[in-house]
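Novice: Here it is: the structure, laid out below.
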Number of protein chains: 2
Amino acid sequence: MDKDKRTEIGTLGEFGLIDKISENVQLKHASSLKGIGDDAAVLAPTDLLRVVTTDMLLEGVHFDLSYTPLKHLGFKAVAVNVSDVAAMNAVPTQVTISLGLSNRFSLEAVEELYEGINLAAIHYNLDLVGGDTTASRSGLIIGVTAIGEARKEEISYRSGAKVNDIICATGDLGGAFMGLQVLEREKQVFLSDHKMQPQLEKYSYITGRQLRPDARMDIIHEFRDLHLVPTSMMDISDGLASELFHISRASGVGVAIYEDKLPIDKQTYDTALEFNMDPITCVLNGGEDYELLFTIDQKDFGLLEKHPDIHFIGHVTAQKDGKVLITKSGAAVPLNAQGWQHF
Amino acid sequence: MDKDKRTEIGTLGEFGLIDKISENVQLKHASSLKGIGDDAAVLAPTDLLRVVTTDMLLEGVHFDLSYTPLKHLGFKAVAVNVSDVAAMNAVPTQVTISLGLSNRFSLEAVEELYEGINLAAIHYNLDLVGGDTTASRSGLIIGVTAIGEARKEEISYRSGAKVNDIICATGDLGGAFMGLQVLEREKQVFLSDHKMQPQLEKYSYITGRQLRPDARMDIIHEFRDLHLVPTSMMDISDGLASELFHISRASGVGVAIYEDKLPIDKQTYDTALEFNMDPITCVLNGGEDYELLFTIDQKDFGLLEKHPDIHFIGHVTAQKDGKVLITKSGAAVPLNAQGWQHF
């Protein structure tokens with residue numbers, strides 16, 4: 001693609017843009033009977049349950065294009081919805097994309113965004129089956145709906161956690177949040193002195209966590225292979241503490257998690273200290289990690305015990321015992337669900 | 001509801017708003033296994049095909065809150081998506097709503113919007129099963145995804161029109177567009193002199209067409225009763241001419257429509273003349289009527305012949321014969337697909 005070329009969307013009309021978008025789309029799933037190009041996509045019947053989730057990403061709220069490459073953004077918009085499908089213990093099959101585009105965006109910019117969307121479609125093995133593009137007066141708006149499938153007995157709701165279940169989290173937490181702090185700081189430095197180049201090398205892991213999150217479909221496929229179904233599950237998008245509140249409320253249980261079991265990457269930890277932040281607060285309340293939080297019956301512990309990327313962070317308690325963090329010194333302090341609030 | 005009360009969304013947090021929204025939601029369809037409140041909605045298996053469509057409505061582009069009541073807007077956001085489901089000859093079952101809200105919007109405003117959404121859910125017999133609410137820096141954004149069902153042999157694509165099929169349109173056309181012209185004029189009058197009250201009584205039909213469109217599910221249910229499947233169909237959202245281009249292109253056919261057969265309401269006609277506009281141009285290129293454009297095999301003509309709200313506006317021709325309007329004087333002029341372009 002010629003990086004210097006700029007084609008105005010207005011010169012294409014709506015037909016032209018849809019043609020451009022669907023050019024690179026190939027339907028892989030037998031259930032995708034009709035994709036882009038009619039009033040609606042058409043899906044074949046299936047014996048499986050279907051899950052449906054939707055999410056909206058807004059410029060200036062969810063992303064800042066001054067440091068977010070459009071290709072990464074396209075990938076992320078799909079990944080965060082796939083993460084919701086994963087959180088149901090389901091496998092994604094189809095996705096639709098709605099775009100609101102201000103006239104700042106050229107065809108080349110939209111193509112770059114779709115490069116990321118198409119990469120995600122390949123990575124997660126799902127079909128782009130529809131969407132909508134419209135003008136926007138206020139920057140870029142991305143609406144995604146993802147559809148997935150699972151057998152009835154495979155679905156994991158938030159409501160299934162039982163007393164004595166083990167609370168598990170994948171990956172490490174707080175990184176995406178600290179990555180965002182770094183990106184914002186470097187942006188301010190650049191804005192105050194355009195000769196200053198952003199210093200991002202030493203923060204590459206955490207900025208990657210912010211800009212290129214990956215939904216944990218690998219874990220879902222491992223659950224399938226192990227014939228393991230979590231008793232409850234959700235993805236960690238708004239911060240661990242907030243998600244624990246959701247599971248606690250939906251399941252009618254309490255939770256106890258251990259400070260020394262919380263998974264944090266060294267780069268996240270060091271950067272938190274550099275920013276005079278408490279690393280544990282970043283783990284508990286930082287958003288956008290898109291890892292999985294789930295509970296398992298104790299009998300299934302052996303299946304996951306040696307897994308290198310699953311951490312056993314606590315256990316489910318009776319509702320009356322509340323939601324607590326057990327500190328390194330052994331004190332039980334109430335969890336504070338100060339989630340990732342956009343309002 | 002106390003109209004003077006103003007509760008800030010920020011005081012509720014995200015949990016609170018979702019609770020408020022789901023308070024009035026009751027799931028009616030057996031296929032809606034899980035609605036609002038988990039990472040994704042869960043739908044039961046079905047022998048039917050599922051259709052999926054998505055649409056985004058943006059303040060300042062698709063609606064102007066200075067003359068659009070929020071309740072009507074909520075209804076319309078659902079109706080325009082149901083119209084896409086209808087256009088596949090399918091019956092809607094579920095809907096998800098994503099909202100972007102700037103801090104201009106109070107809880108009471110969101111509740112008014114949801115009043116309209118819930119009314120539409122009742123009117124079209126569909127379940128609100130999910131969504132997402134987020135802050136917006138740029139006014140109100142509504143993303144809707146609608147899901148519907150149909151038997152395989154019932155689905156109508158854009159691509160099925162055959163030479164000699166009869167081209168049909170429901171209702172009347174151009175009204176929503178002329179209604180918009182009236183609303184915009186009265187807004188300008190009001191802005192230039194706040195003592196001037198808008199004069200809308202004599203335009204009530206066409207302003208209603210703009211503000212409260214109704215998807216033609218009545219027609220879809222009649223098709224079911226008559227065991228009639230249109231050979232092709234789409235909804236008329238971007239203007240009749242533009243939709244004819246879509247059917248022509250998808251089916252590889254030409255179309256001929258007759259000026260004197262085009263359905264136009266007297267109020268639309270009179271208002272077009274008042275605005276020095278050509279009524280036929282309004283019918284051909286005005287958007288947002290949300291009527292149905294479809295083609296039927298000649299053998300089915302008898303089934304619809306006496307229908308009071310279906311108009312036989314032309315017939316399908318060979319591709320080489322192009323897309324033409326036959327004027328009252330008998331001249332064949334090429335159709336111009338100057339659709340409802342937001343870009």
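Ligands are numbered from 1 in the order shown, residues from 1 within each chain, and chains are lettered A, B, ... in the order they appear in the structure tokens.
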Need to verify the contact set: Thr7 of chain A, 8 Å, only C-alpha atoms, exclusion of same-chain residues closer than 4 positions in sequence. Can you return it as a VMD selection string?

Specialist: chain A and resid 11 106 to 108

Novice: Those residues with C-alpha atoms, as a PDB file, in the first residue's frame please?

Specialist:
ATOM      1  CA  THR A  11     -15.297   9.921  -3.702  1.00  0.00           C
ATOM      2  CA  SER A 106      -9.190   8.464   4.129  1.00  0.00           C
ATOM      3  CA  LEU A 107      -9.827   5.174   2.357  1.00  0.00           C
ATOM      4  CA  GLU A 108      -6.212   4.266   3.126  1.00  0.00           C
TER       5      GLU A 108
END

Novice: Give me, as a Markdown table, each residue of chain B that comes within 6 Å of chain A, together with its shortest interatomic pair and the distance in Å at one decimal, counting only C-alpha atoms, with rows ordered by chain and rising residue number.

Specialist:
| residue | atom | partner | partner_atom | distance |
| --- | --- | --- | --- | --- |
| B:Gly10 | CA | A:Phe343 | CA | 5.2 |
| B:Asp39 | CA | A:Asp84 | CA | 5.2 |
| B:Ala40 | CA | A:Thr53 | CA | 4.6 |
| B:Ala41 | CA | A:Val52 | CA | 5.1 |
| B:Val42 | CA | A:Val51 | CA | 4.4 |
| B:Leu43 | CA | A:Arg50 | CA | 5.0 |
| B:Ala44 | CA | A:Leu49 | CA | 5.0 |
| B:Pro45 | CA | A:Leu49 | CA | 5.2 |
| B:Asp47 | CA | A:Pro45 | CA | 5.3 |
| B:Leu48 | CA | A:Pro45 | CA | 5.6 |
| B:Leu49 | CA | A:Ala44 | CA | 5.0 |
| B:Arg50 | CA | A:Leu43 | CA | 5.0 |
| B:Val51 | CA | A:Val42 | CA | 4.4 |
| B:Val52 | CA | A:Ala41 | CA | 5.1 |
| B:Thr53 | CA | A:Ala40 | CA | 4.6 |
| B:Asp55 | CA | A:Asp132 | CA | 5.9 |
| B:Asp84 | CA | A:Asp39 | CA | 5.2 |
| B:Asp132 | CA | A:Asp55 | CA | 5.9 |
| B:Ala135 | CA | A:Phe343 | CA | 5.5 |
| B:His342 | CA | A:Ala135 | CA | 5.5 |
| B:Phe343 | CA | A:Gly10 | CA | 5.3 |

Novice: Hey, what's within 8 Å of Phe312 of chain A if we count only C-alpha atoms and toss same-chain stuff fewer than 2 positions away? As an MDAnalysis selection string, please?

Specialist: chainID A and resid 166:169 261 310 314

Novice: Save the residues we just selected, all heavy atoms, as a PDB file, in the first residue's frame?

Specialist:
ATOM      1  N   ILE A 166     -11.939 -22.881  43.549  1.00  0.00           N
ATOM      2  CA  ILE A 166     -10.663 -22.158  43.476  1.00  0.00           C
ATOM      3  C   ILE A 166     -10.800 -21.024  42.450  1.00  0.00           C
ATOM      4  O   ILE A 166     -11.327 -21.232  41.354  1.00  0.00           O
ATOM      5  CB  ILE A 166      -9.523 -23.120  43.059  1.00  0.00           C
ATOM      6  CG1 ILE A 166      -9.414 -24.250  44.092  1.00  0.00           C
ATOM      7  CG2 ILE A 166      -8.207 -22.379  42.909  1.00  0.00           C
ATOM      8  CD1 ILE A 166      -8.538 -25.410  43.635  1.00  0.00           C
ATOM      9  N   ILE A 167     -10.335 -19.847  42.830  1.00  0.00           N
ATOM     10  CA  ILE A 167     -10.389 -18.690  41.928  1.00  0.00           C
ATOM     11  C   ILE A 167      -9.089 -18.620  41.133  1.00  0.00           C
ATOM     12  O   ILE A 167      -7.997 -18.632  41.720  1.00  0.00           O
ATOM     13  CB  ILE A 167     -10.585 -17.380  42.716  1.00  0.00           C
ATOM     14  CG1 ILE A 167     -11.873 -17.449  43.557  1.00  0.00           C
ATOM     15  CG2 ILE A 167     -10.637 -16.185  41.768  1.00  0.00           C
ATOM     16  CD1 ILE A 167     -12.086 -16.243  44.471  1.00  0.00           C
ATOM     17  N   CYS A 168      -9.218 -18.559  39.806  1.00  0.00           N
ATOM     18  CA  CYS A 168      -8.046 -18.586  38.924  1.00  0.00           C
ATOM     19  C   CYS A 168      -8.027 -17.352  38.034  1.00  0.00           C
ATOM     20  O   CYS A 168      -9.069 -16.805  37.673  1.00  0.00           O
ATOM     21  CB  CYS A 168      -8.093 -19.814  38.013  1.00  0.00           C
ATOM     22  SG  CYS A 168      -8.487 -21.369  38.845  1.00  0.00           S
ATOM     23  N   ALA A 169      -6.821 -16.931  37.667  1.00  0.00           N
ATOM     24  CA  ALA A 169      -6.659 -15.856  36.678  1.00  0.00           C
ATOM     25  C   ALA A 169      -5.561 -16.259  35.716  1.00  0.00           C
ATOM     26  O   ALA A 169      -4.574 -16.878  36.112  1.00  0.00           O
ATOM     27  CB  ALA A 169      -6.318 -14.540  37.375  1.00  0.00           C
ATOM     28  N   LYS A 261      -0.440 -14.017  45.689  1.00  0.00           N
ATOM     29  CA  LYS A 261      -0.735 -14.899  44.548  1.00  0.00           C
ATOM     30  C   LYS A 261      -1.076 -14.094  43.284  1.00  0.00           C
ATOM     31  O   LYS A 261      -1.262 -14.688  42.209  1.00  0.00           O
ATOM     32  CB  LYS A 261      -1.934 -15.798  44.868  1.00  0.00           C
ATOM     33  CG  LYS A 261      -1.782 -16.659  46.114  1.00  0.00           C
ATOM     34  CD  LYS A 261      -0.827 -17.812  45.869  1.00  0.00           C
ATOM     35  CE  LYS A 261      -0.847 -18.777  47.058  1.00  0.00           C
ATOM     36  NZ  LYS A 261       0.281 -19.722  46.971  1.00  0.00           N
ATOM     37  N   ILE A 310      -1.706 -20.137  34.285  1.00  0.00           N
ATOM     38  CA  ILE A 310      -2.916 -20.024  35.102  1.00  0.00           C
ATOM     39  C   ILE A 310      -2.503 -19.917  36.563  1.00  0.00           C
ATOM     40  O   ILE A 310      -1.687 -20.718  37.040  1.00  0.00           O
ATOM     41  CB  ILE A 310      -3.856 -21.233  34.879  1.00  0.00           C
ATOM     42  CG1 ILE A 310      -4.444 -21.172  33.461  1.00  0.00           C
ATOM     43  CG2 ILE A 310      -4.993 -21.240  35.913  1.00  0.00           C
ATOM     44  CD1 ILE A 310      -5.311 -22.355  33.089  1.00  0.00           C
ATOM     45  N   GLY A 314      -7.054 -17.432  44.808  1.00  0.00           N
ATOM     46  CA  GLY A 314      -7.886 -17.385  46.006  1.00  0.00           C
ATOM     47  C   GLY A 314      -8.955 -18.449  45.968  1.00  0.00           C
ATOM     48  O   GLY A 314      -8.867 -19.403  45.185  1.00  0.00           O
TER      49      GLY A 314
END

Novice: Can you tell me, as JSON, numbers by chain, what residues are no more than 8 Å from Met178 of chain B when counting only C-alpha atoms, ignoring any on the same chain fewer than 5 positions away?

Specialist: {"B": [206, 207, 268, 271, 272, 282, 286]}

Novice: For Ser329 of chain B, find every residue with an atom within 12 Å (counting only C-alpha atoms), except residues of its own chain fewer than 3 positions away, and show them as number ranges by chain.

Specialist: B: 258-260, 325-326, 332-333

Novice: Please identify which residues in segment 17-258 of chain A DSSP calls alpha helix (DSSP H) from the backbone, and express them as an MDAnalysis selection string.

Specialist: chainID A and resid 17:23 70:87 107:123 175:192 204:211 217:226 240:251

Novice: Apply DSSP to the backbone of this structure and, from segment 5-251 of chain B, keep only the residues in strand (DSSP E or B); write these as a PyMOL selection string.

Specialist: chain B and resi 8+32-34+41-43+46+49-59+63+91-101+106+127-135+141-150+166-170+232-236

Novice: When you look at Asp300 of chain B with a cut-off of 10 Å (counting only C-alpha atoms), what residues show up, excluding the ones that are within fewer than 2 positions of it in the same chain? I need them as a VMD selection string.

Specialist: chain B and resid 165 to 166 226 to 230 296 to 298 302 to 305

Novice: Could you give me, as a PDB file with N, CA and C atoms, in the first residue's frame, the residues within 6 Å of Gly287 of chain B, counting only C-alpha atoms and dropping anything in the same chain fewer than 2 positions from it?

Specialist:
ATOM      1  N   PHE B 177     -38.377  11.901   4.215  1.00  0.00           N
ATOM      2  CA  PHE B 177     -37.457  12.936   3.735  1.00  0.00           C
ATOM      3  C   PHE B 177     -38.101  14.323   3.804  1.00  0.00           C
ATOM      4  N   SER B 237     -34.307   2.238   2.836  1.00  0.00           N
ATOM      5  CA  SER B 237     -33.765   3.141   3.852  1.00  0.00           C
ATOM      6  C   SER B 237     -32.957   4.270   3.226  1.00  0.00           C
ATOM      7  N   ASP B 238     -32.383   4.022   2.042  1.00  0.00           N
ATOM      8  CA  ASP B 238     -31.526   5.026   1.413  1.00  0.00           C
ATOM      9  C   ASP B 238     -32.155   5.648   0.168  1.00  0.00           C
ATOM     10  N   GLY B 239     -33.426   5.397  -0.066  1.00  0.00           N
ATOM     11  CA  GLY B 239     -34.082   5.919  -1.258  1.00  0.00           C
ATOM     12  C   GLY B 239     -34.337   4.811  -2.264  1.00  0.00           C
ATOM     13  N   ASP B 289     -37.644   5.858   4.674  1.00  0.00           N
ATOM     14  CA  ASP B 289     -39.058   5.475   4.741  1.00  0.00           C
ATOM     15  C   ASP B 289     -39.245   4.109   5.413  1.00  0.00           C
ATOM     16  N   TRP B 340     -29.125   8.191  -0.213  1.00  0.00           N
ATOM     17  CA  TRP B 340     -29.027   8.937   1.028  1.00  0.00           C
ATOM     18  C   TRP B 340     -27.615   8.783   1.549  1.00  0.00           C
TER      19      TRP B 340
END

Novice: May I ask for the distance between atom CA of Asp214 of chain B and atom CA of Ile264 of chain B, given in Å to one decimal place?

Specialist: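 Taking atom CA of Asp214 of chain B and atom CA of Ile264 of chain B, their separation equals 16.9 Å.
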